[in-house]
Every structure is written in C-alpha cells, then in structure tokens.
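The data block below is query.tsv; it holds TSV, C-alpha atoms.
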chain	number	residue	atom	x	y	z
A	8	MET	CA	-122.92	-126.41	40.78
A	9	PHE	CA	-123.99	-129.96	39.95
A	10	VAL	CA	-122.38	-131.03	36.65
A	11	VAL	CA	-121.76	-133.84	34.21
A	12	LEU	CA	-118.14	-134.23	33.15
A	13	ASP	CA	-117.53	-135.19	29.55
A	14	THR	CA	-114.90	-137.89	29.05
A	15	ASN	CA	-112.51	-135.45	27.41
A	16	VAL	CA	-112.18	-133.55	30.70
A	17	ILE	CA	-111.04	-136.67	32.56
A	18	VAL	CA	-108.62	-137.59	29.77
A	19	ALA	CA	-107.14	-134.09	29.70
A	20	ALA	CA	-106.64	-134.24	33.47
A	21	LEU	CA	-104.59	-137.41	33.12
A	22	ARG	CA	-102.52	-136.12	30.21
A	23	SER	CA	-101.37	-132.90	31.85
A	24	ARG	CA	-101.12	-131.50	35.36
A	25	ASP	CA	-101.10	-127.93	34.03
A	26	GLY	CA	-104.73	-127.25	33.15
A	27	ALA	CA	-108.11	-126.76	34.70
A	28	SER	CA	-109.04	-130.39	34.04
A	29	PHE	CA	-106.33	-131.62	36.39
A	30	GLN	CA	-107.49	-129.16	39.04
A	31	ILE	CA	-111.03	-130.48	38.64
A	32	LEU	CA	-109.78	-134.06	39.09
A	33	GLU	CA	-107.87	-132.97	42.21
A	34	ALA	CA	-111.08	-131.38	43.51
A	35	ILE	CA	-112.94	-134.65	42.85
A	36	ILE	CA	-110.35	-136.55	44.87
A	37	HIS	CA	-110.91	-134.10	47.74
A	38	ASP	CA	-114.71	-134.46	47.41
A	39	GLN	CA	-115.20	-130.86	46.28
A	40	VAL	CA	-117.08	-131.56	43.05
A	41	ASP	CA	-120.75	-132.45	42.76
A	42	PHE	CA	-121.13	-134.49	39.60
A	43	ALA	CA	-123.53	-137.01	38.15
A	44	LEU	CA	-122.52	-140.43	36.93
A	45	SER	CA	-124.38	-143.12	35.01
A	46	VAL	CA	-123.42	-146.67	34.11
A	47	PRO	CA	-123.08	-145.83	30.38
A	48	LEU	CA	-120.87	-142.82	31.10
A	49	LEU	CA	-118.69	-144.75	33.54
A	50	LEU	CA	-118.22	-147.48	30.92
A	51	GLU	CA	-117.22	-144.78	28.42
A	52	TYR	CA	-114.70	-143.36	30.90
A	53	GLU	CA	-113.26	-146.85	31.39
A	54	ALA	CA	-113.02	-147.64	27.69
A	55	VAL	CA	-111.25	-144.38	26.89
A	56	LEU	CA	-108.96	-144.33	29.92
A	57	LYS	CA	-107.74	-147.85	29.19
A	58	ARG	CA	-106.95	-147.23	25.53
A	59	PRO	CA	-103.26	-147.79	24.78
A	60	GLU	CA	-102.83	-144.19	23.58
A	61	THR	CA	-104.36	-142.80	26.79
A	62	LEU	CA	-102.21	-145.06	28.96
A	63	SER	CA	-99.11	-144.05	27.03
A	64	ALA	CA	-99.86	-140.31	27.10
A	65	SER	CA	-100.68	-140.33	30.81
A	66	GLY	CA	-97.85	-142.63	31.88
A	67	LEU	CA	-100.34	-144.55	34.01
A	68	SER	CA	-101.08	-148.26	34.22
A	69	ILE	CA	-104.40	-150.06	33.95
A	70	LYS	CA	-104.25	-150.52	37.74
A	71	ASP	CA	-103.83	-146.73	38.12
A	72	MET	CA	-106.82	-146.17	35.84
A	73	ASP	CA	-108.87	-148.60	37.92
A	74	THR	CA	-108.00	-146.55	41.01
A	75	ILE	CA	-109.13	-143.34	39.27
A	76	LEU	CA	-112.35	-145.01	38.11
A	77	ASN	CA	-112.98	-146.21	41.67
A	78	ILE	CA	-112.53	-142.66	42.96
A	79	LEU	CA	-114.96	-141.36	40.33
A	80	CYS	CA	-117.49	-144.01	41.38
A	81	ALA	CA	-117.07	-143.15	45.06
A	82	ARG	CA	-117.43	-139.40	44.54
A	83	GLY	CA	-120.01	-139.22	41.74
A	84	GLN	CA	-123.74	-139.27	42.31
A	85	PRO	CA	-125.22	-142.26	40.47
A	86	LYS	CA	-128.23	-141.44	38.32
A	87	LYS	CA	-130.52	-143.69	36.33
A	88	LEU	CA	-131.61	-142.72	32.86
A	89	HIS	CA	-135.39	-142.67	32.54
A	90	TYR	CA	-135.87	-140.99	29.19
A	91	LEU	CA	-134.03	-141.29	25.94
A	92	TRP	CA	-134.40	-138.38	23.54
A	93	ARG	CA	-132.16	-139.73	20.83
A	94	PRO	CA	-131.11	-138.63	18.40
A	95	GLN	CA	-130.24	-135.09	19.44
A	96	LEU	CA	-126.52	-134.94	18.68
A	97	LYS	CA	-124.15	-136.21	16.00
A	98	ASP	CA	-122.03	-138.36	18.33
A	99	GLU	CA	-123.63	-141.21	20.27
A	100	GLN	CA	-121.12	-140.76	23.11
A	101	ASP	CA	-122.24	-137.15	23.50
A	102	GLU	CA	-125.86	-138.34	23.58
A	103	MET	CA	-125.26	-140.23	26.84
A	104	VAL	CA	-123.69	-137.14	28.40
A	105	LEU	CA	-126.67	-134.96	27.46
A	106	GLU	CA	-129.17	-137.61	28.61
A	107	LEU	CA	-127.45	-137.90	31.97
A	108	ALA	CA	-127.32	-134.13	32.41
A	109	VAL	CA	-131.03	-133.77	31.68
A	110	ASN	CA	-132.07	-136.78	33.80
A	111	ALA	CA	-129.90	-135.64	36.70
A	112	SER	CA	-131.13	-132.04	36.48
A	113	ALA	CA	-127.51	-130.96	36.23
A	114	ASP	CA	-126.62	-127.30	36.19
A	115	ALA	CA	-124.18	-127.75	33.29
A	116	ILE	CA	-122.11	-130.09	31.13
A	117	VAL	CA	-118.36	-129.54	31.40
A	118	THR	CA	-116.58	-130.29	28.12
A	119	PHE	CA	-113.94	-129.09	25.69
A	120	ASN	CA	-116.34	-129.81	22.81
A	121	ARG	CA	-118.98	-127.15	23.34
A	122	ASN	CA	-119.95	-127.12	19.67
A	123	ASP	CA	-120.73	-130.87	19.74
A	124	PHE	CA	-123.62	-130.16	22.12
A	125	LEU	CA	-124.92	-126.93	20.65
A	126	PRO	CA	-127.45	-125.85	19.65
A	127	ASN	CA	-129.43	-128.95	20.72
A	128	ALA	CA	-128.52	-128.69	24.42
A	129	ASN	CA	-130.38	-125.38	24.38
A	130	LYS	CA	-133.64	-127.31	23.87
A	131	PHE	CA	-133.14	-128.61	27.40
A	132	ASP	CA	-131.80	-125.33	28.84
A	133	MET	CA	-128.53	-127.12	29.50
A	134	PRO	CA	-125.48	-124.84	29.72
A	135	ILE	CA	-122.30	-126.17	28.13
A	136	ILE	CA	-119.18	-124.83	29.82
A	137	MET	CA	-115.45	-125.23	29.42
A	138	PRO	CA	-113.31	-126.82	32.16
A	139	SER	CA	-111.63	-123.46	32.77
A	140	GLU	CA	-115.02	-121.85	33.45
A	141	TYR	CA	-116.02	-124.62	35.82
A	142	TYR	CA	-112.68	-124.54	37.64
A	143	GLN	CA	-113.04	-120.78	38.10
A	144	TRP	CA	-116.48	-121.40	39.62
A	145	LEU	CA	-114.97	-124.07	41.93
A	146	LYS	CA	-112.26	-121.69	43.13
A	147	GLU	CA	-114.85	-119.06	43.95
A	148	ASN	CA	-117.24	-121.49	45.67
A	149	ARG	CA	-115.09	-124.00	47.59
A	150	LYS	CA	-116.98	-126.25	50.00
In structure tokens, write the structure found in this file.
Amino acid sequence: MFVVLDTNVIVAALRSRDGASFQILEAIIHDQVDFALSVPLLLEYEAVLKRPETLSASGLSIKDMDTILNILCARGQPKKLHYLWRPQLKDEQDEMVLELAVNASADAIVTFNRNDFLPNANKFDMPIIMPSEYYQWLKENRK
C-alpha cells in the first residue's frame, strides 16, 4: 500500500515506542514502507520535529531529528505537486497532505486526525486510515 504519512504519525512515533506509529517508523528504517514525500510536507515534518516541545517530549536532539529526516528523505518517494485544489480542508497543513496523496495516486493517508480530512477526501476517493490500521496491513503484507 502506497501512503502519505501525516506529520502527527511521525511525531507520535518519536514520543512513544509503544504504538503503531513507532512500528511504522521502524518499518520505514528497514525500507518496508512505500510512502510519498513532497518538499512542502518534508518542511512541515522538519518544522514540527524541531519544535522545543517535540524535542523535549521525544528526548531527542536536533541532530537526531536531522538523522530521522534524512532517513525519511532516503526512503520516501519524492513527488511533485501539479495541481492545487485549495481550499478543501480547514487546516492548510492538511491541504498539503491531501494534495500530495492525490498527486501521488496514494492508496491512503495515514493520520490520527481522520475527521480533519473527511468528508472532503471522499471527493478524491482517498481513504483516510489510522496508524493502527496501516500497521496491521504492514504486518500482514511484509516485503
């Protein structure tokens, strides 16, 4: 399944080793996740991961975050955005996630904030799934 990972999934992975998000990040490190990446989304990841509250909650340094961002860049499939359908959603940050998913012909968006994307993601036949659902799929379909 080719997906777009919302920023909150990456943040959750770094805040706790107990959940599906951390398992997804581990799978990314082992090149077991097919995911799309765009420049705007990567910049969003960077901005959020380097916030003082994220650094504090994760116990990681800026250098550690740079390493994680480098891994995401190495493993993600870069996609250019050709069409902008804004506005579709209430949050501009969610707009870039939806635009990437549609432009990349992703199979789904993985997020904790399903309601932020619905019902408008339905216009593009874009499934919105929770990290736990995606991790279950990964376990059943390992490369």
Original post:
Leaving out segment 106-109 of chain A and any residue of its chain fewer than 5 positions from it, which residues lie within 10 Å of it when counting all atoms listed in the file, given as a PyMOL selection string?
Top reply: chain A and resi 9-12+42-48+85-93+95+101+114-116+128+131-134
Can I get the selection written as an mmCIF file, keeping the file's coordinate frame, with C-alpha atoms?
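Writing the result to again-v4.cif gives the following:
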data_model
loop_
_atom_site.group_PDB
_atom_site.id
_atom_site.type_symbol
_atom_site.label_atom_id
_atom_site.label_comp_id
_atom_site.auth_asym_id
_atom_site.auth_seq_id
_atom_site.Cartn_x
_atom_site.Cartn_y
_atom_site.Cartn_z
ATOM 1 C CA PHE A 9 -123.990 -129.960 39.950
ATOM 2 C CA VAL A 10 -122.380 -131.030 36.650
ATOM 3 C CA VAL A 11 -121.760 -133.840 34.210
ATOM 4 C CA LEU A 12 -118.140 -134.230 33.150
ATOM 5 C CA PHE A 42 -121.130 -134.490 39.600
ATOM 6 C CA ALA A 43 -123.530 -137.010 38.150
ATOM 7 C CA LEU A 44 -122.520 -140.430 36.930
ATOM 8 C CA SER A 45 -124.380 -143.120 35.010
ATOM 9 C CA VAL A 46 -123.420 -146.670 34.110
ATOM 10 C CA PRO A 47 -123.080 -145.830 30.380
ATOM 11 C CA LEU A 48 -120.870 -142.820 31.100
ATOM 12 C CA PRO A 85 -125.220 -142.260 40.470
ATOM 13 C CA LYS A 86 -128.230 -141.440 38.320
ATOM 14 C CA LYS A 87 -130.520 -143.690 36.330
ATOM 15 C CA LEU A 88 -131.610 -142.720 32.860
ATOM 16 C CA HIS A 89 -135.390 -142.670 32.540
ATOM 17 C CA TYR A 90 -135.870 -140.990 29.190
ATOM 18 C CA LEU A 91 -134.030 -141.290 25.940
ATOM 19 C CA TRP A 92 -134.400 -138.380 23.540
ATOM 20 C CA ARG A 93 -132.160 -139.730 20.830
ATOM 21 C CA GLN A 95 -130.240 -135.090 19.440
ATOM 22 C CA ASP A 101 -122.240 -137.150 23.500
ATOM 23 C CA ASP A 114 -126.620 -127.300 36.190
ATOM 24 C CA ALA A 115 -124.180 -127.750 33.290
ATOM 25 C CA ILE A 116 -122.110 -130.090 31.130
ATOM 26 C CA ALA A 128 -128.520 -128.690 24.420
ATOM 27 C CA PHE A 131 -133.140 -128.610 27.400
ATOM 28 C CA ASP A 132 -131.800 -125.330 28.840
ATOM 29 C CA MET A 133 -128.530 -127.120 29.500
ATOM 30 C CA PRO A 134 -125.480 -124.840 29.720
#
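Between atom CA of Thr14 of chain A and atom CA of Phe119 of chain A there is a distance of 9.5 Å.
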Original post:
Do you have the atom CA of Leu76 of chain A-atom CA of Leu56 of chain A distance handy?
Top reply: 8.9 Å
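Atom pair atom CA of Val16 of chain A / atom CA of Ala34 of chain A: separated by 13.0 Å.
Considering only C-alpha atoms, the residue among A:Ile36, A:Glu147, A:Arg22, A:Leu125 positioned nearest to Glu60 of chain A is A:Arg22.
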**OP:** Might you pull out every residue within 12 Å of segment 23-29 of chain A, with only C-alpha atoms counted and same-chain residues fewer than 4 positions away left off, and present them as a PyMOL selection string?
**Re:** chain A and resi 12-19+33-36+61+64-67+117-119+137-146
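Remark: for Asn148 of chain A, the closest of the candidate residues A:Leu62, A:Ile135, A:Met8, A:Ala54 is A:Met8 (distances computed over all atoms listed in the file).
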Original post:
With only C-alpha atoms as the basis for distance, which of A:Gly83, A:Arg149, A:Glu53, A:Met103 is at the shortest distance from Lys70 of chain A?
Top reply: A:Glu53
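With all atoms listed in the file as the atoms that count, the residue of A:Ala111, A:Met72, A:Arg82, A:Asp123 with the shortest distance to Asp41 of chain A is A:Arg82.
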Return as AutoDock Vina command-line options the box centre and box size in Å, one decimal, for an axis-aligned box around all listed atoms of segment 131-135 of chain A padded by 3 Å per side.
--center_x -127.7 --center_y -126.7 --center_z 28.6 --size_x 16.8 --size_y 9.8 --size_z 8.3
